[in-house]
Amino acid sequence: MLPTLDYGVLAAYLAGLLALGLVLTRRRATPSDYFLASRDAGWAAVGLSLVGSNVSPGVLIGLTGSAYAFGISVYNYDWTASVILVVFALFFLPAVLATKVYTMPEFLERRYDGRVRVWFSILTLALYILLDAAGALYCGTLVLKFIVPGLSFNAAILLLAALSVLYSVTGGLRSVLYTQAVQAVVVLGSALFLAIFAFKAAGGWTTVMHAAPSGYLNLIRPASDPIMPWTGMAFGLPVMAFYYWCTNQVMVQRMLAAKSIADGQKGALFAGLLKLLTLFLIILPGVAGLLLYPKLASADEIYLRLAFGLMPTGLLGLLVAAFLGALMAQLSASYNSAATLVTMDFVRRLRPGATDANVVRWGRISTVVCMVVSASWAPQIVRFPSLWQYFQAVLAYATPPAAALFLVGMLWPRANGRGAIWAVVAGSGLGLVLFALSVTKVFSLPFLDAAFLVFAVSLIALVLVSLTRRQTPEERARTAAFTLKSAWDAARLGSRAVAGWGVALLAVTAGVVWWFR
């Protein structure tokens, strides 16, 4: 139970967030406005929205819990994201923005063929509905049941899903993007307060640093480490990060909404800078929590233990509001991106003569359908060992072929549609086999190592099969717009200061990693 004041803060914040989303709604919306916010977002909104989409309830609970159980090695996900965002912003994003696509599957179709687009659309939809949205609902329901005793699990799921889908289905990406920007500020601010109280209760920074168990404050772990082997960190983790930040529709859609190439690049770099803060705001408080609550039955409990045990009245309500707001932000982002995929990759292709009004209506219908499916699946997550394993294992086995297609497609003009299909077949097939062997405990490979193995097989298949046939003139013309040269040419349209900011972000990242190596 929360004190009365905290309930008031929680109600006021959620009402304000919902009102903001509805105010940003337009009565008539074109596809560009509904799915890409009219391509008019500034760099600050893009960067904050990226962080708002990423810092979900699963991340808050998962990162803090992982730090409590295993140490700060989980931070490797975040600093790797900063590096990947620099590379993507400087070398790839300009070419992607220049194509004026709505979705990343559409981008892959232009680079390869329609079969690749259908495969990636289906894969992405499944991940959004069964992984992102369902996982967020599961996390939020645990908190909501704690706040409102007696509320059933299914009722809590439906309530959260309905609230999240309300402004997403009416206002589209414009509502989602700006509410996420506000949410990112509140989440990071409340995390700062929680970190301060956690370190203070544990005896201060110096005490936590000296009392942490051996190895807890090291980012680089031995190859035998079951959670974060250095081999997986060096090879598998960049593959997963590249997929998540460079081909994931939820993330790239925010950059596609930028009003200029420079704004998209600066927004990506701004998000990369904010990602570095998670070590101090979210991860290290989990280590401090180990000193305060050393014998928890589940590491995932530590975030809520710190919040409800340390935060004073008023601030506790704000933190819980930020948590539920993060859930709404992630859900609305997932639903809007899923609706974009359904509408632009399937409906518009099957009905090319559909009016803008019909396209937007199909987008709204798709949003509601995705909400119903994710709410139906969320209760099944309890069957998995842990939330973090559920997230990362599925991504590791399913997404590396997409990363290979995008990366090789941009770097090597010879790659063709035939090679892409074989890469999908070989990589997805291997991923499915490794996942089945892991689940049945016949053969267990650390999922980061598995991610790189699936990526390598996909890449080899793409290259070898592409070499078996010469490119036609049509294929050469198709690939001409999807090379690093085109990216460099497009980058000249952006701000020259972007490269300098990218180098500065890499330097800061290197300093943090070196300090905690």
# chains A, B, ... in the order shown; residues from 1 in each chain; ligands from 1
call {"tool": "residues_around", "arguments": {"residues": "Leu256 of chain A", "least_positions_apart": "4", "cutoff": "9 Å", "atoms": "only C-alpha atoms", "output": "list of chain:residue names"}}
result
A:Leu36, A:Arg39, A:Leu93, A:Val96, A:Leu97, A:Lys100, A:Val101, A:Tyr102, A:Thr103, A:Val252, A:Gly264
call {"tool": "residues_around", "arguments": {"residues": "Arg115 of chain A", "least_positions_apart": "2", "cutoff": "12 Å", "atoms": "only C-alpha atoms", "output": "PyMOL selection string"}}
result
chain A and resi 105-106+108-113+117-122+345+416-422+424-425
call {"tool": "closest_residue", "arguments": {"among": "A:Asn54, A:Gln253, A:Ser66, A:Thr355", "to": "Pro285 of chain A", "atoms": "only C-alpha atoms"}}
result
A:Ser66
call {"tool": "closest_residue", "arguments": {"among": "A:Leu432, A:Leu276, A:Ala134, A:Ala195", "to": "Met311 of chain A", "atoms": "only C-alpha atoms"}}
result
A:Ala195
call {"tool": "residues_around", "arguments": {"residues": "segment 147-162 of chain A", "least_positions_apart": "6", "cutoff": "8 Å", "atoms": "only C-alpha atoms", "output": "list in words"}}
result
Met1, Leu2, Leu137, Tyr138, Gly140, Thr141, Met328, Leu331, Met371, Ala375, Ala378 and Pro379 of chain A
call {"tool": "write_last_selection", "arguments": {"atoms": "N, CA, C and O atoms", "output": "mmCIF file, in the first residue's frame"}}
result
data_model
loop_
_atom_site.group_PDB
_atom_site.id
_atom_site.type_symbol
_atom_site.label_atom_id
_atom_site.label_comp_id
_atom_site.auth_asym_id
_atom_site.auth_seq_id
_atom_site.Cartn_x
_atom_site.Cartn_y
_atom_site.Cartn_z
ATOM 1 N N MET A 1 0.841 -1.198 0.000
ATOM 2 C CA MET A 1 0.000 0.000 0.000
ATOM 3 C C MET A 1 0.878 1.251 0.000
ATOM 4 O O MET A 1 1.937 1.278 0.608
ATOM 5 N N LEU A 2 0.372 2.293 -0.683
ATOM 6 C CA LEU A 2 1.065 3.573 -0.716
ATOM 7 C C LEU A 2 0.365 4.557 0.215
ATOM 8 O O LEU A 2 -0.849 4.488 0.421
ATOM 9 N N LEU A 137 3.918 -5.511 -19.887
ATOM 10 C CA LEU A 137 2.666 -5.741 -19.165
ATOM 11 C C LEU A 137 2.887 -6.611 -17.936
ATOM 12 O O LEU A 137 2.319 -6.354 -16.865
ATOM 13 N N TYR A 138 3.711 -7.631 -18.087
ATOM 14 C CA TYR A 138 3.992 -8.531 -16.967
ATOM 15 C C TYR A 138 4.652 -7.760 -15.821
ATOM 16 O O TYR A 138 4.267 -7.899 -14.659
ATOM 17 N N GLY A 140 4.677 -4.432 -15.251
ATOM 18 C CA GLY A 140 3.790 -3.428 -14.683
ATOM 19 C C GLY A 140 2.699 -4.013 -13.826
ATOM 20 O O GLY A 140 2.285 -3.414 -12.825
ATOM 21 N N THR A 141 2.252 -5.199 -14.197
ATOM 22 C CA THR A 141 1.198 -5.849 -13.427
ATOM 23 C C THR A 141 1.680 -6.208 -12.026
ATOM 24 O O THR A 141 0.920 -6.083 -11.043
ATOM 25 N N MET A 328 3.849 2.517 -19.830
ATOM 26 C CA MET A 328 2.944 3.050 -20.844
ATOM 27 C C MET A 328 3.708 3.526 -22.070
ATOM 28 O O MET A 328 3.257 3.350 -23.210
ATOM 29 N N LEU A 331 4.832 0.397 -24.006
ATOM 30 C CA LEU A 331 3.693 -0.239 -24.653
ATOM 31 C C LEU A 331 3.193 0.574 -25.841
ATOM 32 O O LEU A 331 2.941 0.035 -26.919
ATOM 33 N N MET A 371 -2.610 -5.041 -29.021
ATOM 34 C CA MET A 371 -2.821 -4.920 -27.582
ATOM 35 C C MET A 371 -3.495 -6.180 -27.028
ATOM 36 O O MET A 371 -3.086 -6.720 -26.001
ATOM 37 N N ALA A 375 -1.674 -8.772 -24.394
ATOM 38 C CA ALA A 375 -2.309 -8.949 -23.088
ATOM 39 C C ALA A 375 -2.660 -10.415 -22.845
ATOM 40 O O ALA A 375 -2.612 -10.899 -21.701
ATOM 41 N N ALA A 378 0.905 -12.207 -22.014
ATOM 42 C CA ALA A 378 1.666 -11.763 -20.838
ATOM 43 C C ALA A 378 1.616 -12.743 -19.658
ATOM 44 O O ALA A 378 2.653 -12.987 -19.017
ATOM 45 N N PRO A 379 0.466 -13.331 -19.316
ATOM 46 C CA PRO A 379 0.463 -14.264 -18.171
ATOM 47 C C PRO A 379 1.353 -15.486 -18.361
ATOM 48 O O PRO A 379 1.710 -16.139 -17.376
#
call {"tool": "select_by_dssp", "arguments": {"residues": "segment 273-501 of chain A", "states": "helix (DSSP H, G or I)", "output": "PyMOL selection string"}}
result
chain A and resi 273-276+278-292+299-310+315-350+356-383+387-398+400-411+417-439+447-466+473-479+484-491+497-501
